[in-house]
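Inspection log for the structure reproduced underneath, given as structure tokens.
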Amino acid sequence: GTASQQNADKIKAALEKIQSGAGGNSQQADEAAKTVTDLTEKQLQLGNITKEEALKNFEAIASNTKLSAEQQISAQKAITAAISKEADERASAIDASTKEIENSIRLGQVAEIEGEQQLTEKKIEQLQIRLKAQQDIAARVGSNSDEGQKAITEAQKLEQEIIKVRLDGAEKQEQITVKRTEEENKAAIKGLEQQITLGTVEQEKGEEQITELKLKSLDARSEALAAKIARLGPNSPEGKAAIQQQQEIEAERTKVQTESAEKIRQIKLKRIQDEIGAEIKGVESRIAAGQTAEIDGQRQITELRLKALDAQSASLADKIARVGANSPEGKAAILQQKEIEAERLKVVTEAAERERQFRLKSIEIAANKSRDLVTKVETEPIS
């Protein structure tokens, strides 16, 4: 018959010899065992028999304690090789679909977060194929054999690798979510900045919205870290590092809020000062046009200047309450308040002096008018 049939007949004959005890000749039994193992491996490589048929032959040798340890170990290694080879082929077949997913992500045909989830599932599928193979090997060759121990050790490594892939996959998903949130918020911030420049959004309102978006980005990062801590445990090295990162984010959050509050404070103050400045110009224009008496106009201007200074002082008081009187910013604001108070006193003093000068001038004008009237009366002839 064919070479395949001849090999099959030789294997069958060798197995029968082993089962019959080879006439008590251990050397002949080992030779028959070697024939079974070698020819079965050859038949399997050529595809003349299935994996299960090959494993049946190998197990007949590996489990036969009457054979030498050498032949049993050889059969156990053949079992390992046959199962591992098939597992590798099945796992490698998944590589094609993995590349397709990666390509789809690159071309934008699949959302990154969805694609990464699929990639994680494919990696786990490959690892599980190899894990089941190692578990199968250990079950067939026995956990106490060298090959069994190797398979158990490899299975444990694969179990840890599966856990790691799951954790890495979850973290990557979170990173993608954070990245997407940050990109969306960054785009929204850019849009708001343009609207503020164009004047389609009030500066104060726009800055408040920008701050909210910045805080949302920071919150997304913090939430991702919280999930990581929950997964890995707060006492793990990764968990401790994540806690440290959360503290840094919280500090950044405080900084964003502080800077925003200061910016909005300055915007509000500038708006008030601009409004008062416009009012002062209006009064000055009316004085120049003779529509308002100079003394009345100067009184109005003084009131407006004091109003501007009071607004500045009140704004600084808000800042001091926010940052604390003992902070460097708080101390600087207190000094500014003292300077404003001095400026206020100067404005009041100058206004009082103007009032005094006006009264003196009024008295002088009245006296001159009285003198002129007396002179006129004295010089006019009596009719």
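As shown in the structure tokens, the chain order sets the letters A, B, ...; within each chain, residues go from 1, and ligands are also counted from 1 in the order they appear.
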Inset, instruction - Pick out the residues sitting within 12 Å of Ser4 of chain A, and hand them over as a PyMOL selection string; count only C-alpha atoms, and ignore anything fewer than 3 positions along from it in its own chain. - result: chain A and resi 1+7-11+39-40+42-49
Legend entry - Straight-line distance linking atom CA of Lys123 of chain A with atom CA of Val165 of chain A, stated in Å to one decimal: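 That distance, rounded to one decimal, is 7.4 Å.
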Inset, instruction - Find the residues near Glu262 of chain A: any atom within 10 Å, counting only C-alpha atoms, skip ones fewer than 6 places away on the same chain, and give them as a list in words. - result: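 What passes the distance filter is Val256, Lys268, Ser315, Leu316, Asp318, Lys319, Arg322 and Val323 of chain A.
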Inset, instruction - Excluding Glu207 of chain A and residues on its chain fewer than 3 positions from it, collect all residues at most 10 Å away from it, counting only C-alpha atoms, and give them as a PyMOL selection string. - result: chain A and resi 189+192-193+196+201-204+210-213+260-261+263-264+267
Inset, instruction - Quick one: everything within 12 Å of segment 281-290 of chain A, counting only C-alpha atoms, minus sequence neighbours fewer than 3 positions away in the same chain. Send it as a ChimeraX atom specification. - result: /A:274-278,293-305
Inset, instruction - Enter the distance from atom CA of Ala227 of chain A to atom CA of Gln173 of chain A, in Å, rounded to one decimal. - result: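 According to the coordinates, atom CA of Ala227 of chain A and atom CA of Gln173 of chain A are separated by 11.2 Å.
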Which residues are close to segment 243-254 of chain A, i.e. within 12 Å by only C-alpha atoms, leaving aside same-chain residues fewer than 4 positions away? Reply as an mmCIF file with C-alpha atoms, in the first residue's frame.
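So the final result, stored in result-v4.cif, reads:
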```cif
data_model
loop_
_atom_site.group_PDB
_atom_site.id
_atom_site.type_symbol
_atom_site.label_atom_id
_atom_site.label_comp_id
_atom_site.auth_asym_id
_atom_site.auth_seq_id
_atom_site.Cartn_x
_atom_site.Cartn_y
_atom_site.Cartn_z
ATOM 1 C CA THR A 211 -13.323 77.693 32.983
ATOM 2 C CA GLU A 212 -16.120 75.106 33.138
ATOM 3 C CA LEU A 213 -14.693 73.329 30.084
ATOM 4 C CA LYS A 214 -11.167 73.293 31.549
ATOM 5 C CA LEU A 215 -12.523 71.826 34.790
ATOM 6 C CA LYS A 216 -14.465 69.169 32.855
ATOM 7 C CA SER A 217 -11.232 68.034 31.184
ATOM 8 C CA LEU A 218 -9.484 67.801 34.547
ATOM 9 C CA ASP A 219 -12.445 65.935 36.054
ATOM 10 C CA ALA A 220 -12.346 63.407 33.189
ATOM 11 C CA ARG A 221 -8.673 62.696 33.931
ATOM 12 C CA SER A 222 -9.355 62.386 37.650
ATOM 13 C CA GLU A 223 -12.276 59.987 37.078
ATOM 14 C CA ALA A 224 -10.088 57.790 34.849
ATOM 15 C CA LEU A 225 -7.473 57.652 37.604
ATOM 16 C CA ALA A 226 -10.158 56.794 40.179
ATOM 17 C CA ALA A 227 -11.206 53.838 38.013
ATOM 18 C CA LYS A 228 -7.563 52.748 37.774
ATOM 19 C CA ILE A 229 -7.156 52.928 41.565
ATOM 20 C CA ALA A 230 -10.334 50.864 42.008
ATOM 21 C CA LEU A 232 -5.441 47.945 40.867
ATOM 22 C CA GLY A 233 -5.923 48.893 44.514
ATOM 23 C CA PRO A 234 -4.705 52.049 46.282
ATOM 24 C CA ASN A 235 -1.719 50.223 47.806
ATOM 25 C CA SER A 236 -0.336 48.881 44.524
ATOM 26 C CA PRO A 237 2.567 50.834 42.936
ATOM 27 C CA GLU A 238 0.285 51.869 40.069
ATOM 28 C CA GLY A 239 -2.483 52.809 42.504
ATOM 29 C CA THR A 258 -8.122 80.846 41.059
ATOM 30 C CA GLU A 259 -6.870 82.205 37.750
ATOM 31 C CA SER A 260 -10.403 82.290 36.366
ATOM 32 C CA ALA A 261 -11.765 84.129 39.412
ATOM 33 C CA ARG A 322 -10.790 84.381 48.135
ATOM 34 C CA VAL A 323 -7.001 83.991 48.463
#
```
